[in-house]
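Quick notes on the structure that follows.
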Amino acid sequence: MNSRTSALMAMPDIASRAYLQPQGTLDWVGMSNVELPLTISDDGATRAVAARAQIYVDLIDPQAKGIHMSRLYLMLDASASATALTPAMMTELLGEVLNSHNDLSSKAFLQFDFEYLLRRPALLSDNSGWNGYPVTLKGTFIDGQLHIELGVTVRYSSTCPCSAALSRQIIQEQFDKDFAGKATVSAEQVRAWLGTEEGIAATPHSQRSEVHILTKLEPGISEFPISSLIDSIEDTLQTAVQTAVKREDEQEFARRNAANLMFCEDAGRRVQKALNDDQRFSDFWVRVEHMESLHPHDAVSIVTKGVPDGYLPIP
C-alpha cells in the first residue's frame, strides 16, 4: 500500500456512514450550474457551445446520508470531453449515472442549457449576422421510461391585427379630410399623398415576441434537430428578428409584418400546426409571449400536443 492510499484511507468519510434510523427519501439530489464545454451533434453538423448542466438522481435509501456527488461530476465531465453529444450519448450517460448509484437511486435526470449561435442571412441583401437562441437538452429516466427532450426559444416581431385595423381607419379619415370637397382624385395624387407623413396618420403597434418550445424526441432520432426546428419555427412565423440589415431588408421586414398580423393566439396556432406536422416529436409544449408595446404587461398563449400522459398545458 503506497503513502497516497494510506492517506486516503485515513481521511474521514462522513457521507459513507449510514444513519442509525431511517430519515426519509428524496426525490432529487445532485448538482446545478455545472459549467462545461460541449460539442453538439445537430442536423449533420457539430457545434461547440459553453453549457451549464444539471444532473440528479433520487435517494431511495432512507438511511443513506447522501449520494456520490463526485461521481456525477466526473461522469459528466468525461462524457462532455469524449465526443459530440447525441441523444444516444445522453441515454448512455443516464444509464451510467444509475449504475453508479444502483444501491441508492432508481431514476436519473440530466439537463444542458446553452446559447446556440446561428449565422442568419438578411431578408434581401447579401448581409448576414449571428443570432443567439437559448437551447435546452434534457434526459430523464423514471420508472423504466426514457425521455430525451429538446427546447428552443425563437424571437420574432408581432404586429397587432386590432391596432392595424384602427390605424387603417384613421388613415381613411385623414384621406377624407385632406381631399374633402374634391369630386375626383387622380391616382398620382393618391400615390403622392400616401408617401407623406400626413397621409400615414397612424401606424399599428408591434413588439418583440418570443416562442418557447419544449419537445420530446421520438426514439431513434440520431442527432438533435436544433437548427431545423429553429428554421421551421421562423418559416412558420415569417417575422423572425434580424441581424445585419440594409434598407431593402428593413422594408421587407415591414412588408412581412403587415402580411403576418398576429395576436398571441394566432402565433400559438401557427406553431401548434407546424409541430403537429413534424413526426420527429412525440409531444410538445409551447408558450408564446408578446411583450406588449401598448401595455405594461405581456400577452401569452400556451398549447400542448395533448397526448395521453404528455405535457400539461400549464404556464
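Each chain in the C-alpha cells gets a letter, A, B, ..., in the order shown, and its residues are numbered from 1; ligands are numbered from 1 in order too.
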
Neighbour list for Ser206 in chain A as a PyMOL selection string, cut-off 12 Å, only C-alpha atoms, skip fewer than 5 positions in-chain: chain A and resi 156-164+239+254+257-258+260-264+290-295

Written file, previous selection with N, CA, C and O atoms, as a short mmCIF file (atom, residue, chain, number, x, y, z; two decimals), in the first residue's frame:
```cif
data_model
loop_
_atom_site.label_atom_id
_atom_site.label_comp_id
_atom_site.auth_asym_id
_atom_site.auth_seq_id
_atom_site.Cartn_x
_atom_site.Cartn_y
_atom_site.Cartn_z
N TYR A 156 -39.20 36.89 -32.43
CA TYR A 156 -39.79 37.40 -33.67
C TYR A 156 -40.55 38.68 -33.38
O TYR A 156 -40.64 39.13 -32.22
N SER A 157 -41.10 39.29 -34.41
CA SER A 157 -41.88 40.51 -34.28
C SER A 157 -43.35 40.19 -34.52
O SER A 157 -43.68 39.41 -35.41
N SER A 158 -44.22 40.77 -33.70
CA SER A 158 -45.66 40.57 -33.89
C SER A 158 -46.35 41.93 -33.97
O SER A 158 -46.16 42.79 -33.13
N THR A 159 -47.14 42.10 -35.02
CA THR A 159 -47.90 43.33 -35.21
C THR A 159 -49.37 43.04 -34.92
O THR A 159 -49.93 42.08 -35.44
N CYS A 160 -49.98 43.89 -34.10
CA CYS A 160 -51.33 43.65 -33.60
C CYS A 160 -52.38 43.84 -34.70
O CYS A 160 -52.46 44.94 -35.29
N PRO A 161 -53.19 42.84 -35.00
CA PRO A 161 -54.24 43.00 -36.02
C PRO A 161 -55.26 44.08 -35.68
O PRO A 161 -55.73 44.81 -36.56
N CYS A 162 -55.62 44.19 -34.40
CA CYS A 162 -56.58 45.21 -33.99
C CYS A 162 -56.01 46.60 -34.21
O CYS A 162 -56.67 47.49 -34.76
N SER A 163 -54.76 46.81 -33.82
CA SER A 163 -54.12 48.09 -34.00
C SER A 163 -53.98 48.43 -35.48
O SER A 163 -54.12 49.59 -35.89
N ALA A 164 -53.71 47.42 -36.30
CA ALA A 164 -53.60 47.65 -37.74
C ALA A 164 -54.93 48.13 -38.32
O ALA A 164 -54.99 49.05 -39.15
N THR A 239 -41.58 36.39 -39.32
CA THR A 239 -41.10 37.72 -38.89
C THR A 239 -40.00 37.59 -37.84
O THR A 239 -39.97 38.35 -36.86
N ALA A 254 -40.82 45.09 -42.80
CA ALA A 254 -42.09 45.80 -42.62
C ALA A 254 -43.20 45.15 -43.44
O ALA A 254 -44.34 45.01 -42.97
N ASN A 257 -44.29 41.96 -41.70
CA ASN A 257 -45.11 42.24 -40.53
C ASN A 257 -46.54 42.56 -40.93
O ASN A 257 -47.49 42.10 -40.29
N ALA A 258 -46.71 43.33 -41.99
CA ALA A 258 -48.06 43.67 -42.45
C ALA A 258 -48.78 42.45 -43.00
O ALA A 258 -50.01 42.34 -42.89
N ASN A 260 -48.35 39.42 -41.95
CA ASN A 260 -48.47 38.39 -40.91
C ASN A 260 -48.90 39.02 -39.59
O ASN A 260 -48.24 38.86 -38.55
N LEU A 261 -50.02 39.74 -39.61
CA LEU A 261 -50.56 40.30 -38.39
C LEU A 261 -50.92 39.17 -37.43
O LEU A 261 -51.56 38.19 -37.84
N MET A 262 -50.52 39.30 -36.17
CA MET A 262 -50.69 38.17 -35.24
C MET A 262 -51.02 38.61 -33.83
O MET A 262 -50.29 39.40 -33.24
N PHE A 263 -52.15 38.10 -33.32
CA PHE A 263 -52.33 38.05 -31.89
C PHE A 263 -51.49 36.88 -31.36
O PHE A 263 -51.03 36.03 -32.13
N CYS A 264 -51.31 36.82 -30.03
CA CYS A 264 -50.56 35.70 -29.48
C CYS A 264 -51.29 34.38 -29.78
O CYS A 264 -50.65 33.33 -29.94
N HIS A 290 -46.01 37.80 -26.23
CA HIS A 290 -45.93 39.07 -26.96
C HIS A 290 -45.71 40.18 -25.93
O HIS A 290 -46.62 40.48 -25.13
N MET A 291 -44.52 40.75 -25.92
CA MET A 291 -44.14 41.76 -24.93
C MET A 291 -44.68 43.11 -25.38
O MET A 291 -44.03 43.85 -26.12
N GLU A 292 -45.89 43.39 -24.95
CA GLU A 292 -46.69 44.48 -25.48
C GLU A 292 -45.99 45.83 -25.45
O GLU A 292 -45.33 46.19 -24.48
N SER A 293 -46.18 46.59 -26.54
CA SER A 293 -45.75 47.99 -26.54
C SER A 293 -46.90 48.90 -26.12
O SER A 293 -46.67 50.03 -25.71
N LEU A 294 -48.15 48.41 -26.22
CA LEU A 294 -49.32 49.19 -25.79
C LEU A 294 -49.50 49.11 -24.28
O LEU A 294 -49.86 50.09 -23.64
N HIS A 295 -49.26 47.93 -23.70
CA HIS A 295 -49.50 47.70 -22.28
C HIS A 295 -48.18 47.46 -21.54
O HIS A 295 -47.18 47.09 -22.14
#
```

Strand (DSSP E) per DSSP on the backbone: members of range 64-117 of chain A, as an NGL selection string: :A and (108-117)

Atom-to-atom span, CA of Leu118 in chain A and CA of Leu237 in chain A, Å: 17.7 Å

Shell of 12 Å around Ser81 in chain A, only C-alpha atoms, local chain residues under 3 positions omitted, as a PyMOL selection string: chain A and resi 36-40+48+74-78+84-85+89

With N, CA, C and O atoms retained, could you export that selection as a PDB file, in the first residue's frame?
```
ATOM      1  N   LEU A  36     -19.377  23.708 -18.364  1.00  0.00           N
ATOM      2  CA  LEU A  36     -18.533  22.806 -19.144  1.00  0.00           C
ATOM      3  C   LEU A  36     -18.706  23.095 -20.631  1.00  0.00           C
ATOM      4  O   LEU A  36     -19.758  23.574 -21.067  1.00  0.00           O
ATOM      5  N   PRO A  37     -17.670  22.812 -21.427  1.00  0.00           N
ATOM      6  CA  PRO A  37     -17.806  22.938 -22.881  1.00  0.00           C
ATOM      7  C   PRO A  37     -18.461  21.693 -23.452  1.00  0.00           C
ATOM      8  O   PRO A  37     -18.236  20.576 -22.965  1.00  0.00           O
ATOM      9  N   LEU A  38     -19.288  21.876 -24.465  1.00  0.00           N
ATOM     10  CA  LEU A  38     -19.938  20.757 -25.135  1.00  0.00           C
ATOM     11  C   LEU A  38     -19.785  20.902 -26.639  1.00  0.00           C
ATOM     12  O   LEU A  38     -19.715  22.010 -27.168  1.00  0.00           O
ATOM     13  N   THR A  39     -19.759  19.778 -27.307  1.00  0.00           N
ATOM     14  CA  THR A  39     -19.904  19.752 -28.754  1.00  0.00           C
ATOM     15  C   THR A  39     -21.219  19.055 -29.056  1.00  0.00           C
ATOM     16  O   THR A  39     -21.459  17.945 -28.587  1.00  0.00           O
ATOM     17  N   ILE A  40     -22.079  19.731 -29.807  1.00  0.00           N
ATOM     18  CA  ILE A  40     -23.426  19.240 -30.065  1.00  0.00           C
ATOM     19  C   ILE A  40     -23.530  18.704 -31.482  1.00  0.00           C
ATOM     20  O   ILE A  40     -23.077  19.353 -32.437  1.00  0.00           O
ATOM     21  N   ALA A  48     -19.607  23.742 -31.191  1.00  0.00           N
ATOM     22  CA  ALA A  48     -19.103  23.862 -29.824  1.00  0.00           C
ATOM     23  C   ALA A  48     -19.896  24.936 -29.092  1.00  0.00           C
ATOM     24  O   ALA A  48     -20.166  26.011 -29.646  1.00  0.00           O
ATOM     25  N   LEU A  74     -17.664  13.706 -12.297  1.00  0.00           N
ATOM     26  CA  LEU A  74     -16.631  13.084 -13.121  1.00  0.00           C
ATOM     27  C   LEU A  74     -17.227  12.409 -14.349  1.00  0.00           C
ATOM     28  O   LEU A  74     -16.652  12.466 -15.447  1.00  0.00           O
ATOM     29  N   MET A  75     -18.384  11.772 -14.213  1.00  0.00           N
ATOM     30  CA  MET A  75     -19.028  11.159 -15.380  1.00  0.00           C
ATOM     31  C   MET A  75     -19.506  12.224 -16.360  1.00  0.00           C
ATOM     32  O   MET A  75     -19.380  12.064 -17.580  1.00  0.00           O
ATOM     33  N   LEU A  76     -20.029  13.311 -15.842  1.00  0.00           N
ATOM     34  CA  LEU A  76     -20.476  14.411 -16.690  1.00  0.00           C
ATOM     35  C   LEU A  76     -19.298  15.003 -17.443  1.00  0.00           C
ATOM     36  O   LEU A  76     -19.365  15.241 -18.661  1.00  0.00           O
ATOM     37  N   ASP A  77     -18.199  15.228 -16.757  1.00  0.00           N
ATOM     38  CA  ASP A  77     -17.007  15.806 -17.380  1.00  0.00           C
ATOM     39  C   ASP A  77     -16.427  14.870 -18.431  1.00  0.00           C
ATOM     40  O   ASP A  77     -16.053  15.303 -19.534  1.00  0.00           O
ATOM     41  N   ALA A  78     -16.342  13.589 -18.124  1.00  0.00           N
ATOM     42  CA  ALA A  78     -15.789  12.624 -19.077  1.00  0.00           C
ATOM     43  C   ALA A  78     -16.657  12.517 -20.319  1.00  0.00           C
ATOM     44  O   ALA A  78     -16.152  12.456 -21.447  1.00  0.00           O
ATOM     45  N   ALA A  84     -19.019  14.340 -29.715  1.00  0.00           N
ATOM     46  CA  ALA A  84     -20.196  15.189 -29.860  1.00  0.00           C
ATOM     47  C   ALA A  84     -21.410  14.565 -29.175  1.00  0.00           C
ATOM     48  O   ALA A  84     -21.638  13.357 -29.241  1.00  0.00           O
ATOM     49  N   LEU A  85     -22.184  15.404 -28.502  1.00  0.00           N
ATOM     50  CA  LEU A  85     -23.347  14.937 -27.757  1.00  0.00           C
ATOM     51  C   LEU A  85     -24.487  14.595 -28.711  1.00  0.00           C
ATOM     52  O   LEU A  85     -24.870  15.396 -29.560  1.00  0.00           O
ATOM     53  N   MET A  89     -25.890   9.336 -26.732  1.00  0.00           N
ATOM     54  CA  MET A  89     -24.906   9.594 -25.680  1.00  0.00           C
ATOM     55  C   MET A  89     -25.569  10.011 -24.377  1.00  0.00           C
ATOM     56  O   MET A  89     -25.145   9.611 -23.282  1.00  0.00           O
TER      57      MET A  89
END
```

Among the residues A:Gly310, A:Gln242, A:Ser222, A:Arg191, the one that comes closest to Ser128 in chain A [using only C-alpha atoms]: A:Gln242

Kindly provide the residues of range 26-97 of chain A that approach range 104-113 of chain A to within 7 Å, each paired with its closest atom pair and their distance in Å to one decimal, based on only C-alpha atoms, listed by chain and increasing number, as JSON lines.
```
{"residue": "A:Ala51", "atom": "CA", "partner": "A:Asp113", "partner_atom": "CA", "distance": 5.5}
{"residue": "A:Arg52", "atom": "CA", "partner": "A:Asp113", "partner_atom": "CA", "distance": 5.3}
{"residue": "A:Ala53", "atom": "CA", "partner": "A:Phe112", "partner_atom": "CA", "distance": 4.5}
{"residue": "A:Gln54", "atom": "CA", "partner": "A:Gln111", "partner_atom": "CA", "distance": 5.0}
{"residue": "A:Ile55", "atom": "CA", "partner": "A:Leu110", "partner_atom": "CA", "distance": 4.6}
{"residue": "A:Tyr56", "atom": "CA", "partner": "A:Phe109", "partner_atom": "CA", "distance": 5.1}
{"residue": "A:Val57", "atom": "CA", "partner": "A:Ala108", "partner_atom": "CA", "distance": 4.5}
{"residue": "A:Asp58", "atom": "CA", "partner": "A:Ser105", "partner_atom": "CA", "distance": 5.1}
{"residue": "A:Leu59", "atom": "CA", "partner": "A:Ser105", "partner_atom": "CA", "distance": 5.2}
{"residue": "A:Ile60", "atom": "CA", "partner": "A:Ser105", "partner_atom": "CA", "distance": 5.6}
{"residue": "A:Asp61", "atom": "CA", "partner": "A:Leu104", "partner_atom": "CA", "distance": 5.5}
{"residue": "A:Leu94", "atom": "CA", "partner": "A:Ala108", "partner_atom": "CA", "distance": 6.2}
{"residue": "A:Val97", "atom": "CA", "partner": "A:Ala108", "partner_atom": "CA", "distance": 7.0}
```

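Shell of Glu149 in chain A at 6 Å, with only C-alpha atoms counted and residues fewer than 3 places along the chain excluded, is A:Leu137, A:Lys138, A:Thr215, A:Lys216, A:Leu217.
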
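CA of Val245 in chain A is found 24.1 Å from CA of Thr196 in chain A.
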
Of the listed residues A:Ala240, A:Ile213, A:Val288, A:Ile221, that which approaches Gly151 in chain A most closely, counting only C-alpha atoms: A:Ile213

Atomic distance CA of Val135 in chain A - CA of Asp266 in chain A, expressed in Å with one decimal: 23.7 Å

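Shortest atom-to-atom contact with Ser282 in chain A among A:Ala88, A:Ile302, A:Ala64, A:Ile148: A:Ile148, counting only C-alpha atoms.
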
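Between Arg47 in chain A and the residues A:Thr91, A:Ser232, A:Asn127, A:Ser227, the shortest atom-to-atom distance, using only C-alpha atoms, involves A:Ser227.
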
Members of range 88-179 of chain A assigned alpha helix (DSSP H) by DSSP, as JSON, numbers by chain: {"A": [88, 89, 90, 91, 92, 93, 94, 95, 96, 97, 98, 99, 100, 161, 162, 163, 164, 165, 166, 167, 168, 169, 170, 171, 172, 173, 174, 175, 176, 177, 178]}

Using the selection just defined, write its residues with N, CA, C and O atoms as a tab-separated table (two decimals), in the first residue's frame.
```tsv
chain	number	residue	atom	x	y	z
A	88	ALA	N	-28.28	9.42	-28.18
A	88	ALA	CA	-27.77	8.13	-27.73
A	88	ALA	C	-26.74	8.31	-26.61
A	88	ALA	O	-26.71	7.53	-25.64
A	89	MET	N	-25.89	9.34	-26.73
A	89	MET	CA	-24.91	9.59	-25.68
A	89	MET	C	-25.57	10.01	-24.38
A	89	MET	O	-25.14	9.61	-23.28
A	90	MET	N	-26.62	10.84	-24.47
A	90	MET	CA	-27.34	11.23	-23.25
A	90	MET	C	-27.97	10.00	-22.59
A	90	MET	O	-27.95	9.86	-21.37
A	91	THR	N	-28.51	9.11	-23.42
A	91	THR	CA	-29.10	7.88	-22.89
A	91	THR	C	-28.04	7.04	-22.19
A	91	THR	O	-28.28	6.50	-21.09
A	92	GLU	N	-26.88	6.92	-22.81
A	92	GLU	CA	-25.79	6.14	-22.21
A	92	GLU	C	-25.34	6.75	-20.89
A	92	GLU	O	-25.09	6.03	-19.91
A	93	LEU	N	-25.23	8.07	-20.84
A	93	LEU	CA	-24.80	8.74	-19.61
A	93	LEU	C	-25.81	8.54	-18.49
A	93	LEU	O	-25.43	8.29	-17.33
A	94	LEU	N	-27.10	8.63	-18.81
A	94	LEU	CA	-28.12	8.38	-17.79
A	94	LEU	C	-28.00	6.97	-17.23
A	94	LEU	O	-28.16	6.75	-16.02
A	95	GLY	N	-27.71	5.99	-18.10
A	95	GLY	CA	-27.52	4.62	-17.63
A	95	GLY	C	-26.31	4.49	-16.72
A	95	GLY	O	-26.36	3.79	-15.69
A	96	GLU	N	-25.22	5.17	-17.07
A	96	GLU	CA	-24.03	5.12	-16.23
A	96	GLU	C	-24.27	5.76	-14.87
A	96	GLU	O	-23.79	5.27	-13.84
A	97	VAL	N	-25.02	6.85	-14.88
A	97	VAL	CA	-25.34	7.52	-13.62
A	97	VAL	C	-26.12	6.59	-12.70
A	97	VAL	O	-25.84	6.47	-11.51
A	98	LEU	N	-27.12	5.90	-13.25
A	98	LEU	CA	-27.91	4.97	-12.43
A	98	LEU	C	-27.07	3.80	-11.94
A	98	LEU	O	-27.18	3.38	-10.79
A	99	ASN	N	-26.22	3.28	-12.82
A	99	ASN	CA	-25.36	2.15	-12.41
A	99	ASN	C	-24.42	2.54	-11.28
A	99	ASN	O	-24.12	1.73	-10.41
A	100	SER	N	-23.97	3.79	-11.30
A	100	SER	CA	-23.05	4.24	-10.25
A	100	SER	C	-23.74	4.45	-8.91
A	100	SER	O	-23.09	4.60	-7.89
A	161	PRO	N	-53.19	42.84	-35.00
A	161	PRO	CA	-54.24	43.00	-36.02
A	161	PRO	C	-55.26	44.08	-35.68
A	161	PRO	O	-55.73	44.81	-36.56
A	162	CYS	N	-55.62	44.19	-34.40
A	162	CYS	CA	-56.58	45.21	-33.99
A	162	CYS	C	-56.01	46.60	-34.21
A	162	CYS	O	-56.67	47.49	-34.76
A	163	SER	N	-54.76	46.81	-33.82
A	163	SER	CA	-54.12	48.09	-34.00
A	163	SER	C	-53.98	48.43	-35.48
A	163	SER	O	-54.12	49.59	-35.89
A	164	ALA	N	-53.71	47.42	-36.30
A	164	ALA	CA	-53.60	47.65	-37.74
A	164	ALA	C	-54.93	48.13	-38.32
A	164	ALA	O	-54.99	49.05	-39.15
A	165	ALA	N	-56.04	47.50	-37.91
A	165	ALA	CA	-57.36	47.91	-38.40
A	165	ALA	C	-57.70	49.32	-37.95
A	165	ALA	O	-58.24	50.13	-38.73
A	166	LEU	N	-57.40	49.66	-36.69
A	166	LEU	CA	-57.67	51.00	-36.20
A	166	LEU	C	-56.82	52.04	-36.91
A	166	LEU	O	-57.27	53.16	-37.18
A	167	SER	N	-55.58	51.68	-37.24
A	167	SER	CA	-54.70	52.59	-37.97
A	167	SER	C	-55.23	52.85	-39.38
A	167	SER	O	-55.21	53.98	-39.88
A	168	ARG	N	-55.72	51.79	-40.02
A	168	ARG	CA	-56.28	51.95	-41.37
A	168	ARG	C	-57.49	52.90	-41.33
A	168	ARG	O	-57.68	53.72	-42.24
A	169	GLN	N	-58.29	52.80	-40.28
A	169	GLN	CA	-59.45	53.68	-40.16
A	169	GLN	C	-59.02	55.14	-40.04
A	169	GLN	O	-59.61	56.04	-40.67
A	170	ILE	N	-57.99	55.39	-39.25
A	170	ILE	CA	-57.50	56.76	-39.09
A	170	ILE	C	-56.97	57.29	-40.42
A	170	ILE	O	-57.18	58.46	-40.78
A	171	ILE	N	-56.29	56.44	-41.18
A	171	ILE	CA	-55.77	56.85	-42.48
A	171	ILE	C	-56.92	57.19	-43.42
A	171	ILE	O	-56.87	58.18	-44.18
A	172	GLN	N	-57.99	56.39	-43.39
A	172	GLN	CA	-59.16	56.69	-44.21
A	172	GLN	C	-59.78	58.03	-43.81
A	172	GLN	O	-60.16	58.84	-44.68
A	173	GLU	N	-59.87	58.27	-42.50
A	173	GLU	CA	-60.43	59.54	-42.05
A	173	GLU	C	-59.56	60.72	-42.45
A	173	GLU	O	-60.07	61.79	-42.83
A	174	GLN	N	-58.25	60.54	-42.41
A	174	GLN	CA	-57.34	61.60	-42.84
A	174	GLN	C	-57.47	61.85	-44.33
A	174	GLN	O	-57.40	63.00	-44.79
A	175	PHE	N	-57.68	60.79	-45.11
A	175	PHE	CA	-57.89	60.93	-46.55
A	175	PHE	C	-59.15	61.75	-46.81
A	175	PHE	O	-59.16	62.68	-47.65
A	176	ASP	N	-60.23	61.40	-46.10
A	176	ASP	CA	-61.47	62.16	-46.27
A	176	ASP	C	-61.28	63.63	-45.94
A	176	ASP	O	-61.82	64.51	-46.63
A	177	LYS	N	-60.51	63.91	-44.92
A	177	LYS	CA	-60.28	65.29	-44.51
A	177	LYS	C	-59.43	66.04	-45.53
A	177	LYS	O	-59.75	67.18	-45.91
A	178	ASP	N	-58.34	65.40	-46.00
A	178	ASP	CA	-57.42	66.09	-46.90
A	178	ASP	C	-58.00	66.29	-48.29
A	178	ASP	O	-57.60	67.22	-49.02
```
